[in-house]
file run-v4.txt (compact mmCIF, C-alpha atoms)
# COMPACT_ATOMS: atom_id res chain seq x y z
CA MET A 1 98.32 43.46 37.34
CA LEU A 2 100.96 43.01 40.06
CA SER A 3 102.08 39.47 40.80
CA LEU A 4 103.07 38.02 44.17
CA SER A 5 106.71 38.25 43.12
CA THR A 6 106.60 42.03 42.67
CA PRO A 7 107.67 42.89 46.27
CA TYR A 8 110.67 40.61 45.90
CA LEU A 9 111.58 42.25 42.58
CA VAL A 10 111.29 45.70 44.13
CA ALA A 11 113.49 44.61 47.02
CA ILE A 12 116.15 43.24 44.67
CA VAL A 13 116.16 46.46 42.61
CA ALA A 14 116.42 48.54 45.81
CA ILE A 15 119.34 46.47 47.09
CA LEU A 16 121.18 46.68 43.75
CA SER A 17 120.59 50.42 43.53
CA THR A 18 121.89 50.93 47.06
CA TYR A 19 124.99 48.83 46.33
CA ILE A 20 125.73 50.70 43.10
CA ALA A 21 125.29 54.10 44.78
CA TRP A 22 127.51 53.05 47.67
CA SER A 23 130.20 51.76 45.28
CA MET A 24 130.18 54.92 43.22
CA PHE A 25 129.85 57.63 45.84
CA PHE A 26 130.45 56.42 49.39
CA ARG A 27 133.18 53.75 49.35
CA LYS A 28 136.42 55.12 50.73
CA LYS A 29 139.08 55.37 48.05
CA TRP A 30 142.68 54.32 48.56
CA ASP A 31 145.02 57.30 48.78
CA PRO A 32 148.69 56.82 47.77
CA ARG A 33 149.80 59.94 49.64
CA GLY A 34 152.47 58.99 52.17
CA GLN A 35 152.40 55.36 51.06
CA HIS A 36 155.50 53.44 49.98
CA CYS A 37 154.82 52.38 46.37
CA TYR A 38 157.12 49.88 44.67
CA VAL A 39 157.05 49.96 40.86
CA THR A 40 158.81 47.36 38.74
CA GLY A 41 159.59 48.26 35.15
CA GLY A 42 159.78 51.81 36.47
CA SER A 43 162.34 53.12 33.98
CA ALA A 44 160.06 53.34 30.92
CA GLY A 45 156.55 53.00 29.54
CA LEU A 46 153.67 52.26 31.89
CA GLY A 47 155.94 51.78 34.91
CA LEU A 48 157.60 55.18 34.53
CA ALA A 49 154.30 56.97 33.85
CA LEU A 50 152.76 55.34 36.91
CA ALA A 51 155.76 56.18 39.11
CA ILE A 52 155.52 59.83 38.08
CA LEU A 53 151.77 59.86 38.75
CA LEU A 54 152.24 58.30 42.19
CA THR A 55 154.93 60.87 42.97
CA LYS A 56 152.55 63.68 42.01
CA LYS A 57 150.01 62.11 44.37
CA GLY A 58 152.50 62.41 47.24
CA ALA A 59 153.68 58.80 47.50
CA ASP A 60 157.14 57.53 48.40
CA VAL A 61 158.21 55.71 45.24
CA SER A 62 160.79 52.99 44.66
CA ILE A 63 161.41 52.13 41.00
CA VAL A 64 163.11 48.91 39.90
CA ALA A 65 164.55 47.95 36.51
CA ARG A 66 167.75 46.54 35.06
CA ASN A 67 169.25 49.43 33.07
CA LYS A 68 170.97 51.88 35.43
CA GLU A 69 171.16 54.74 32.92
CA ARG A 70 167.43 54.59 32.16
CA LEU A 71 166.71 54.26 35.87
CA GLN A 72 168.70 57.41 36.65
CA ALA A 73 166.87 59.31 33.92
CA ALA A 74 163.57 58.05 35.33
CA LEU A 75 164.53 59.07 38.86
CA ASN A 76 165.30 62.56 37.55
CA GLU A 77 161.73 62.69 36.20
CA LEU A 78 160.38 61.66 39.59
CA GLU A 79 162.37 64.42 41.25
CA LYS A 80 160.71 66.96 38.94
CA ALA A 81 157.32 65.65 40.10
CA ARG A 82 158.23 65.72 43.81
CA GLN A 83 155.51 67.30 45.98
CA THR A 84 157.24 67.54 49.36
CA PRO A 85 160.88 67.50 50.57
CA SER A 86 160.11 64.48 52.74
CA GLN A 87 159.09 62.17 49.89
CA VAL A 88 161.44 59.18 49.52
CA LEU A 89 162.20 58.63 45.83
CA LYS A 90 164.75 55.93 45.03
CA MET A 91 165.87 53.59 42.25
CA TYR A 92 167.15 50.01 42.37
CA SER A 93 168.86 48.11 39.57
CA PHE A 94 167.94 44.42 39.63
CA SER A 95 166.91 41.69 37.22
CA LEU A 96 163.51 40.32 38.28
CA ASN A 97 163.56 37.05 36.31
CA GLU A 98 164.66 34.97 39.31
CA GLU A 99 163.35 34.50 42.83
CA SER A 100 166.59 35.47 44.58
CA SER A 101 167.14 38.74 42.71
CA SER A 102 163.46 39.70 43.04
CA ALA A 103 163.62 39.14 46.80
CA ALA A 104 166.88 41.13 46.95
CA ALA A 105 165.28 44.03 45.06
CA LEU A 106 162.37 44.16 47.49
CA GLU A 107 164.71 43.93 50.47
CA ALA A 108 166.77 46.84 49.14
CA ALA A 109 163.65 48.96 48.69
CA CYS A 110 162.50 48.17 52.23
CA ASN A 111 165.91 49.10 53.65
CA GLY A 112 165.85 52.30 51.62
CA ASN A 113 162.59 53.27 53.32
CA GLY A 114 163.61 52.67 56.92
CA GLY A 115 162.73 49.00 56.75
CA LYS A 116 159.15 49.76 55.71
CA CYS A 117 157.56 47.14 53.48
CA PRO A 118 155.88 48.68 50.43
CA ASP A 119 152.24 49.53 50.99
CA ALA A 120 151.56 48.81 47.32
CA LEU A 121 153.47 46.90 44.66
CA PHE A 122 152.80 47.74 41.02
CA LEU A 123 154.27 44.96 38.89
CA CYS A 124 154.72 46.65 35.52
CA ALA A 125 157.88 44.88 34.34
CA GLY A 126 157.54 42.67 31.28
CA SER A 127 158.13 42.39 27.56
CA ALA A 128 156.82 40.58 24.48
CA ARG A 129 158.43 39.09 21.42
CA PRO A 130 155.59 38.14 19.04
CA GLY A 131 156.00 35.52 16.33
CA PHE A 132 154.50 32.38 14.83
CA PHE A 133 154.29 29.35 17.11
CA ILE A 134 155.89 27.05 14.55
CA GLU A 135 158.99 29.25 14.59
CA GLU A 136 159.38 29.11 18.38
CA ASP A 137 161.71 26.77 20.23
CA GLU A 138 162.23 25.74 23.84
CA ALA A 139 164.41 28.74 24.64
CA SER A 140 162.03 31.33 23.18
CA LEU A 141 158.95 29.83 24.82
CA ARG A 142 160.66 29.72 28.20
CA GLN A 143 161.84 33.30 27.69
CA GLY A 144 158.25 34.32 26.99
CA MET A 145 157.20 32.99 30.41
CA ASP A 146 160.22 34.56 32.10
CA ASN A 147 159.57 38.01 30.63
CA ALA A 148 155.81 38.16 31.09
CA TYR A 149 154.95 35.84 34.02
CA TRP A 150 157.90 35.06 36.28
CA VAL A 151 159.06 38.69 36.22
CA GLN A 152 155.87 39.47 38.17
CA ALA A 153 155.36 36.20 40.06
CA TRP A 154 158.71 36.28 41.85
CA SER A 155 158.14 39.82 43.13
CA ALA A 156 154.62 38.88 44.26
CA LEU A 157 156.02 35.87 46.11
CA ALA A 158 158.63 37.93 47.96
CA ALA A 159 156.06 40.59 48.86
CA SER A 160 153.43 38.10 50.01
CA LYS A 161 155.89 36.44 52.40
CA ARG A 162 157.07 39.76 53.82
CA MET A 163 153.52 41.11 54.25
CA ALA A 164 152.31 37.90 55.92
CA ARG A 165 155.28 37.69 58.30
CA GLY A 166 155.08 41.36 59.22
CA HIS A 167 151.28 41.47 59.48
CA SER A 168 151.50 44.31 56.94
CA PRO A 169 148.27 45.00 55.03
CA GLY A 170 148.97 46.19 51.52
CA LYS A 171 148.28 45.89 47.82
CA ILE A 172 149.74 43.81 45.00
CA VAL A 173 148.86 45.03 41.53
CA PHE A 174 149.57 42.81 38.52
CA VAL A 175 149.65 43.90 34.89
CA SER A 176 148.19 41.50 32.34
CA SER A 177 146.86 42.51 28.92
CA PHE A 178 143.86 42.22 26.61
CA LEU A 179 145.68 38.99 25.79
CA GLY A 180 144.89 37.75 29.28
CA PHE A 181 141.24 37.72 28.19
CA MET A 182 141.71 36.22 24.72
CA SER A 183 144.44 35.72 22.13
CA MET A 184 145.17 35.51 18.43
CA VAL A 185 147.84 34.75 15.87
CA GLY A 186 151.34 35.94 16.79
CA TYR A 187 151.19 35.75 20.56
CA ALA A 188 152.00 32.11 21.35
CA SER A 189 154.97 33.04 23.55
CA TYR A 190 153.21 35.95 25.30
CA ALA A 191 149.48 35.35 25.77
CA PRO A 192 149.93 32.14 27.82
CA ALA A 193 152.06 34.12 30.28
CA LYS A 194 149.42 36.86 30.55
CA HIS A 195 146.74 34.22 31.14
CA ALA A 196 149.02 32.79 33.84
CA VAL A 197 149.34 36.23 35.48
CA ARG A 198 145.56 36.39 35.57
CA GLY A 199 145.39 32.92 37.13
CA LEU A 200 147.89 33.93 39.80
CA ALA A 201 145.98 37.14 40.56
CA GLU A 202 142.68 35.23 40.81
CA THR A 203 144.27 32.83 43.29
CA LEU A 204 145.97 35.50 45.38
CA ARG A 205 142.87 37.70 45.52
CA SER A 206 141.35 34.86 47.51
CA GLU A 207 144.37 33.59 49.45
CA LEU A 208 145.79 36.93 50.55
CA LEU A 209 142.53 37.86 52.25
CA LEU A 210 144.08 35.83 55.08
CA TYR A 211 146.63 38.63 55.54
CA SER A 212 144.49 41.70 54.68
CA VAL A 213 146.36 42.12 51.39
CA SER A 214 144.26 43.23 48.42
CA VAL A 215 145.07 42.14 44.87
CA HIS A 216 144.30 43.93 41.61
CA ILE A 217 145.09 43.20 37.97
CA PHE A 218 145.20 45.58 34.99
CA PHE A 219 144.30 44.50 31.45
CA PRO A 220 145.50 47.23 29.04
CA GLY A 221 145.41 47.06 25.27
CA THR A 222 148.20 48.55 23.19
CA ILE A 223 150.39 51.02 25.08
CA TYR A 224 152.62 53.21 22.93
CA SER A 225 155.83 52.61 24.85
CA PRO A 226 159.44 51.67 23.99
CA GLY A 227 158.41 48.04 24.52
CA TYR A 228 155.71 48.39 21.86
CA ILE A 229 158.29 49.59 19.34
CA GLU A 230 160.48 46.58 20.11
CA GLU A 231 157.69 44.01 19.86
CA ASN A 232 156.60 45.37 16.48
CA LYS A 233 160.03 44.43 15.10
CA THR A 234 159.12 40.72 15.27
CA LYS A 235 155.32 40.96 15.06
CA PRO A 236 153.83 39.05 12.09
CA LYS A 237 152.26 41.17 9.36
CA ILE A 238 148.88 39.52 9.84
CA THR A 239 148.96 40.48 13.53
CA LEU A 240 149.80 44.06 12.64
CA LYS A 241 146.89 44.09 10.19
CA ILE A 242 144.42 42.81 12.80
CA GLU A 243 145.64 45.42 15.27
CA GLU A 244 145.65 48.36 12.86
CA SER A 245 142.26 49.60 14.11
CA ASP A 246 143.47 49.61 17.75
CA ASP A 247 143.80 53.23 18.87
CA GLY A 248 146.12 52.35 21.73
CA LEU A 249 146.97 54.34 24.84
CA LYS A 250 149.73 56.68 25.85
CA PRO A 251 151.54 55.40 28.97
CA GLU A 252 150.23 58.38 30.94
CA ASN A 253 146.60 57.53 30.12
CA ALA A 254 147.14 53.86 30.93
CA ALA A 255 148.71 54.83 34.28
CA LYS A 256 145.74 57.03 35.15
CA ALA A 257 143.30 54.22 34.37
CA LEU A 258 145.32 51.75 36.44
CA LEU A 259 145.56 54.02 39.47
CA LYS A 260 141.87 54.95 39.22
CA GLY A 261 140.92 51.27 39.30
CA VAL A 262 143.14 50.58 42.31
CA ARG A 263 141.83 53.61 44.17
CA ASN A 264 138.26 52.45 43.51
CA GLY A 265 139.06 48.98 44.83
CA HIS A 266 138.43 47.19 41.54
CA PHE A 267 139.95 43.75 41.05
CA HIS A 268 139.86 43.53 37.23
CA ILE A 269 140.85 46.93 35.86
CA SER A 270 140.32 48.10 32.28
CA ALA A 271 141.31 51.34 30.61
CA ASP A 272 138.64 51.84 27.95
CA LEU A 273 135.35 50.62 26.48
CA LEU A 274 136.85 47.66 24.62
CA GLY A 275 138.68 46.55 27.74
CA ASN A 276 135.46 46.71 29.75
CA LEU A 277 133.66 44.64 27.12
CA PHE A 278 136.30 41.91 27.28
CA ARG A 279 136.48 42.14 31.08
CA SER A 280 132.76 41.74 31.60
CA SER A 281 132.42 39.01 28.99
CA THR A 282 135.16 36.86 30.55
CA ARG A 283 134.71 37.80 34.22
CA GLY A 284 133.70 34.36 35.47
CA SER A 285 133.24 34.54 39.24
CA SER A 286 135.47 37.58 39.71
CA PRO A 287 133.86 40.54 41.52
CA HIS A 288 131.88 43.09 39.54
CA ASN A 289 133.19 46.63 39.23
CA ASN A 290 129.65 47.91 38.70
CA VAL A 291 126.77 45.42 38.57
CA LEU A 292 124.63 47.47 36.19
CA MET A 293 127.35 48.55 33.76
CA ASP A 294 128.99 45.11 33.74
CA GLY A 295 125.65 43.64 32.68
CA ILE A 296 125.41 46.11 29.81
CA TYR A 297 129.01 45.45 28.76
CA SER A 298 128.38 41.70 28.82
CA LEU A 299 125.34 42.04 26.58
CA ILE A 300 127.25 44.16 24.06
CA GLY A 301 130.13 41.65 24.07
CA TRP A 302 127.76 38.70 23.69
CA ILE A 303 126.44 40.29 20.48
CA GLY A 304 129.58 41.91 19.13
CA PHE A 305 132.48 39.55 19.84
CA PRO A 306 131.31 36.63 17.64
CA ILE A 307 131.07 39.09 14.73
CA TRP A 308 134.54 40.48 15.50
CA ARG A 309 136.02 36.99 15.76
CA ARG A 310 134.59 35.93 12.40
CA GLY A 311 136.23 38.96 10.82
CA VAL A 312 139.58 38.13 12.42
CA ASP A 313 139.39 34.50 11.30
CA ALA A 314 138.54 35.59 7.75
CA SER A 315 141.60 37.86 7.68
CA ILE A 316 143.84 35.02 8.85
CA ARG A 317 142.50 32.59 6.23
CA GLY A 318 143.01 35.26 3.57
CA HIS A 319 146.66 35.51 4.63
CA ARG A 320 147.47 31.85 3.98
CA LEU A 321 149.19 32.36 0.62
CA LYS A 322 151.38 35.22 1.86
CA HIS A 323 152.21 33.21 4.96
CA GLU A 324 153.34 30.23 2.89
CA GLU A 325 155.53 32.54 0.81
CA TYR A 326 157.02 33.92 4.03
CA LEU A 327 157.78 30.43 5.37
CA THR A 328 159.35 29.45 2.06
CA GLN A 329 161.65 32.48 2.14
CA LYS A 330 162.61 31.59 5.69
CA GLY A 331 163.50 28.04 4.63
CA PHE A 332 160.94 26.53 6.99
CA PHE A 333 159.97 23.74 4.61
CA ASP A 334 163.62 22.77 4.04
CA SER A 335 164.35 22.09 7.71

call {"tool": "encode", "arguments": {"input": "run-v4.txt", "output": "structure tokens"}}
result
Amino acid sequence: MLSLSTPYLVAIVAILSTYIAWSMFFRKKWDPRGQHCYVTGGSAGLGLALAILLTKKGADVSIVARNKERLQAALNELEKARQTPSQVLKMYSFSLNEESSSAAALEAACNGNGGKCPDALFLCAGSARPGFFIEEDEASLRQGMDNAYWVQAWSALAASKRMARGHSPGKIVFVSSFLGFMSMVGYASYAPAKHAVRGLAETLRSELLLYSVSVHIFFPGTIYSPGYIEENKTKPKITLKIEESDDGLKPENAAKALLKGVRNGHFHISADLLGNLFRSSTRGSSPHNNVLMDGIYSLIGWIGFPIWRRGVDASIRGHRLKHEEYLTQKGFFDS
């Protein structure tokens, strides 16, 4: 028997269905063709893969990193992907750990494109040095924030000022990590920075509406890049064990997922099923990507994540003896 609330329920379902259909099939997608795209960390890994993809899509691409030799090699790869003679493909060697050098890098890229402010900034620069918290010191903890938070925040600050002053609508795309949703043993110097990147993106998504600037943030899992090889050199064995079931992504696949999310107008962007489970389960008040699917992902996470966490905690407790042996060999208890 139909209740009085049935018409309201039907109306809600109709509205949701219309919104989902519009989001999936009718919303205009962002097209990078002819746009000036600024990619930090563009000499390797995700940044390089994304710069190549944007070039193939017809964008003008400026890549920024510190190492000039790797930058030149990266620029050569962009030239191979060039679609038209008129595309502007350039490299800029700057450190992005300070406000002044980040602003100078952006200024150089603008000057190299006829004074045009980037239409989209992809902030892919960053690095991790995993380890146990009790082995960190002031220098290493500050370095963790420099290399995973400030390296993006300073560029975002310079871009926000330039876009606001020039009334230039655009996009700022941050790169966080699964570890911006959660964290675990080994990431005390890295995960806080990735949570901070998320906090900055959440704030700017709201604030930069004042200037018609859209903000996006990518939360990839493991990316098999040169940076991943480096971080594994210091990564605790227990962390490696917990991550051994992680399939990981090639930089090219991560870049495709990132660009797809930006083109679709998503704020929180994930690359795979596990990322979507974490994203939906920790979304808070952030916009949905898809109301129906996000609800399904949330339900799966609500059931599955407590089980996963218990397994992780059990592995860590089982590692106590080996960890004490490790600390003894390191002389930790003698200091």

call {"tool": "residues_around", "arguments": {"input": "run-v4.txt", "residues": "region 196-208 of chain A", "least_positions_apart": "3", "cutoff": "9 Å", "atoms": "only C-alpha atoms", "output": "list in words"}}
result
Met145, Ala148, Tyr149, Trp150, Gln152, Ala153, Ser160, Ala164, Ile172, Val173, Phe174, Val175, Ser176, Gly180, Phe181, Ala191, Pro192, Ala193, Tyr211, Ser212, Val213, Ser214, Val215, His216, Ile217, Phe267 and Ser286 of chain A

call {"tool": "residues_around", "arguments": {"input": "run-v4.txt", "residues": "Ser100 (chain A)", "least_positions_apart": "6", "cutoff": "10 Å", "atoms": "all atoms listed in the file", "output": "list of chain:residue names"}}
result
A:Trp154, A:Ser155, A:Ala158

call {"tool": "closest_residue", "arguments": {"input": "run-v4.txt", "among": "A:Gly221, A:Gly275, A:Gly41, A:Gly318", "to": "Arg66 (chain A)", "atoms": "only C-alpha atoms"}}
result
A:Gly41

call {"tool": "closest_residue", "arguments": {"input": "run-v4.txt", "among": "A:Glu98, A:Phe332, A:Phe278, A:Thr40", "to": "Phe132 (chain A)", "atoms": "all atoms listed in the file"}}
result
A:Phe332

call {"tool": "closest_residue", "arguments": {"input": "run-v4.txt", "among": "A:Leu46, A:Ala159, A:Leu321, A:Ala73", "to": "Ala125 (chain A)", "atoms": "all atoms listed in the file"}}
result
A:Leu46

call {"tool": "residues_around", "arguments": {"input": "run-v4.txt", "residues": "Lys80 (chain A)", "least_positions_apart": "6", "cutoff": "12 Å", "atoms": "only C-alpha atoms", "output": "PyMOL selection string"}}
result
chain A and resi 51-53+55-56+73-74+89

call {"tool": "write_last_selection", "arguments": {"input": "run-v4.txt", "atoms": "C-alpha atoms", "output": "PDB file, in the coordinates of the input"}}
result
ATOM      1  CA  ALA A  51     155.760  56.180  39.110  1.00  0.00           C
ATOM      2  CA  ILE A  52     155.520  59.830  38.080  1.00  0.00           C
ATOM      3  CA  LEU A  53     151.770  59.860  38.750  1.00  0.00           C
ATOM      4  CA  THR A  55     154.930  60.870  42.970  1.00  0.00           C
ATOM      5  CA  LYS A  56     152.550  63.680  42.010  1.00  0.00           C
ATOM      6  CA  ALA A  73     166.870  59.310  33.920  1.00  0.00           C
ATOM      7  CA  ALA A  74     163.570  58.050  35.330  1.00  0.00           C
ATOM      8  CA  LEU A  89     162.200  58.630  45.830  1.00  0.00           C
TER       9      LEU A  89
END

call {"tool": "closest_residue", "arguments": {"input": "run-v4.txt", "among": "A:Gly295, A:Gly284, A:Gly42, A:Gly265", "to": "Lys28 (chain A)", "atoms": "only C-alpha atoms"}}
result
A:Gly265

call {"tool": "atom_distance", "arguments": {"input": "run-v4.txt", "atom1": "CA of Thr239 (chain A)", "atom2": "CA of Gly186 (chain A)"}}
result
6.1 Å

call {"tool": "closest_residue", "arguments": {"input": "run-v4.txt", "among": "A:Gly170, A:Pro251, A:Gly304, A:Pro85", "to": "Tyr228 (chain A)", "atoms": "only C-alpha atoms"}}
result
A:Pro251

call {"tool": "axis_aligned_box", "arguments": {"input": "run-v4.txt", "around": "region 294-299 of chain A", "padding_each_side": "4 Å", "output": "lines of an AutoDock Vina configuration file"}}
result
center_x = 127.2
center_y = 43.9
center_z = 30.2
size_x = 11.7
size_y = 12.4
size_z = 15.2

call {"tool": "residues_around", "arguments": {"input": "run-v4.txt", "residues": "Met91 (chain A)", "least_positions_apart": "6", "cutoff": "8 Å", "atoms": "only C-alpha atoms", "output": "list in words"}}
result
Ser62, Ile63, Val64, Leu71, Gln72 and Leu75 of chain A

call {"tool": "residues_around", "arguments": {"input": "run-v4.txt", "residues": "Glu231 (chain A)", "least_positions_apart": "5", "cutoff": "7 Å", "atoms": "only C-alpha atoms", "output": "list in words"}}
result
Ala128, Arg129 and Pro130 of chain A

call {"tool": "residues_near_point", "arguments": {"input": "run-v4.txt", "point": "(146.7, 56.9, 20.6)", "cutoff": "9 Å", "atoms": "only C-alpha atoms", "output": "list in words"}}
result
Thr222, Ile223, Tyr224, Asp246, Asp247, Gly248, Leu249 and Lys250 of chain A

call {"tool": "write_last_selection", "arguments": {"input": "run-v4.txt", "atoms": "C-alpha atoms", "output": "compact mmCIF listing (two decimals), in the frame of the given file"}}
result
# COMPACT_ATOMS: atom_id res chain seq x y z
CA THR A 222 148.20 48.55 23.19
CA ILE A 223 150.39 51.02 25.08
CA TYR A 224 152.62 53.21 22.93
CA ASP A 246 143.47 49.61 17.75
CA ASP A 247 143.80 53.23 18.87
CA GLY A 248 146.12 52.35 21.73
CA LEU A 249 146.97 54.34 24.84
CA LYS A 250 149.73 56.68 25.85

call {"tool": "atom_distance", "arguments": {"input": "run-v4.txt", "atom1": "CA of Val262 (chain A)", "atom2": "CA of Asp60 (chain A)"}}
result
16.8 Å

call {"tool": "atom_distance", "arguments": {"input": "run-v4.txt", "atom1": "CA of Arg162 (chain A)", "atom2": "CA of Ala105 (chain A)"}}
result
12.7 Å

call {"tool": "build_atoms", "arguments": {"input": "run-v4.txt", "residues": "region 182-203 of chain A", "atoms": "N, CA and C atoms", "output": "JSON list (two decimals), in the coordinates of the input"}}
result
[["chain", "number", "residue", "atom", "x", "y", "z"],
["A", 182, "MET", "N", 141.86, 36.95, 25.98],
["A", 182, "MET", "CA", 141.71, 36.22, 24.72],
["A", 182, "MET", "C", 143.09, 36.15, 24.07],
["A", 183, "SER", "N", 143.18, 35.63, 22.86],
["A", 183, "SER", "CA", 144.44, 35.72, 22.13],
["A", 183, "SER", "C", 144.19, 35.52, 20.64],
["A", 184, "MET", "N", 145.27, 35.66, 19.88],
["A", 184, "MET", "CA", 145.17, 35.51, 18.43],
["A", 184, "MET", "C", 146.56, 35.25, 17.86],
["A", 185, "VAL", "N", 146.61, 35.08, 16.57],
["A", 185, "VAL", "CA", 147.84, 34.75, 15.87],
["A", 185, "VAL", "C", 148.97, 35.70, 16.26],
["A", 186, "GLY", "N", 150.15, 35.14, 16.51],
["A", 186, "GLY", "CA", 151.34, 35.94, 16.79],
["A", 186, "GLY", "C", 151.75, 36.02, 18.24],
["A", 187, "TYR", "N", 150.90, 35.55, 19.15],
["A", 187, "TYR", "CA", 151.19, 35.75, 20.56],
["A", 187, "TYR", "C", 151.36, 34.45, 21.34],
["A", 188, "ALA", "N", 151.88, 33.41, 20.70],
["A", 188, "ALA", "CA", 152.00, 32.11, 21.35],
["A", 188, "ALA", "C", 153.00, 32.11, 22.51],
["A", 189, "SER", "N", 153.98, 32.99, 22.47],
["A", 189, "SER", "CA", 154.97, 33.04, 23.55],
["A", 189, "SER", "C", 154.63, 34.08, 24.61],
["A", 190, "TYR", "N", 153.56, 34.85, 24.40],
["A", 190, "TYR", "CA", 153.21, 35.95, 25.30],
["A", 190, "TYR", "C", 151.86, 35.78, 25.98],
["A", 191, "ALA", "N", 150.82, 35.47, 25.20],
["A", 191, "ALA", "CA", 149.48, 35.35, 25.77],
["A", 191, "ALA", "C", 149.38, 34.29, 26.87],
["A", 192, "PRO", "N", 150.01, 33.11, 26.72],
["A", 192, "PRO", "CA", 149.93, 32.14, 27.82],
["A", 192, "PRO", "C", 150.46, 32.70, 29.14],
["A", 193, "ALA", "N", 151.51, 33.52, 29.06],
["A", 193, "ALA", "CA", 152.06, 34.12, 30.28],
["A", 193, "ALA", "C", 151.07, 35.12, 30.89],
["A", 194, "LYS", "N", 150.38, 35.88, 30.04],
["A", 194, "LYS", "CA", 149.42, 36.86, 30.55],
["A", 194, "LYS", "C", 148.17, 36.17, 31.10],
["A", 195, "HIS", "N", 147.80, 35.02, 30.54],
["A", 195, "HIS", "CA", 146.74, 34.22, 31.14],
["A", 195, "HIS", "C", 147.21, 33.68, 32.50],
["A", 196, "ALA", "N", 148.47, 33.30, 32.58],
["A", 196, "ALA", "CA", 149.02, 32.79, 33.84],
["A", 196, "ALA", "C", 149.03, 33.87, 34.92],
["A", 197, "VAL", "N", 149.37, 35.11, 34.53],
["A", 197, "VAL", "CA", 149.34, 36.23, 35.48],
["A", 197, "VAL", "C", 147.92, 36.39, 36.02],
["A", 198, "ARG", "N", 146.95, 36.29, 35.12],
["A", 198, "ARG", "CA", 145.56, 36.39, 35.57],
["A", 198, "ARG", "C", 145.22, 35.26, 36.55],
["A", 199, "GLY", "N", 145.65, 34.04, 36.24],
["A", 199, "GLY", "CA", 145.39, 32.92, 37.13],
["A", 199, "GLY", "C", 146.01, 33.11, 38.50],
["A", 200, "LEU", "N", 147.22, 33.66, 38.52],
["A", 200, "LEU", "CA", 147.89, 33.93, 39.80],
["A", 200, "LEU", "C", 147.12, 35.00, 40.58],
["A", 201, "ALA", "N", 146.72, 36.06, 39.89],
["A", 201, "ALA", "CA", 145.98, 37.14, 40.56],
["A", 201, "ALA", "C", 144.65, 36.63, 41.11],
["A", 202, "GLU", "N", 143.95, 35.79, 40.34],
["A", 202, "GLU", "CA", 142.68, 35.23, 40.81],
["A", 202, "GLU", "C", 142.90, 34.42, 42.09],
["A", 203, "THR", "N", 143.97, 33.65, 42.11],
["A", 203, "THR", "CA", 144.27, 32.83, 43.29],
["A", 203, "THR", "C", 144.62, 33.69, 44.50]]
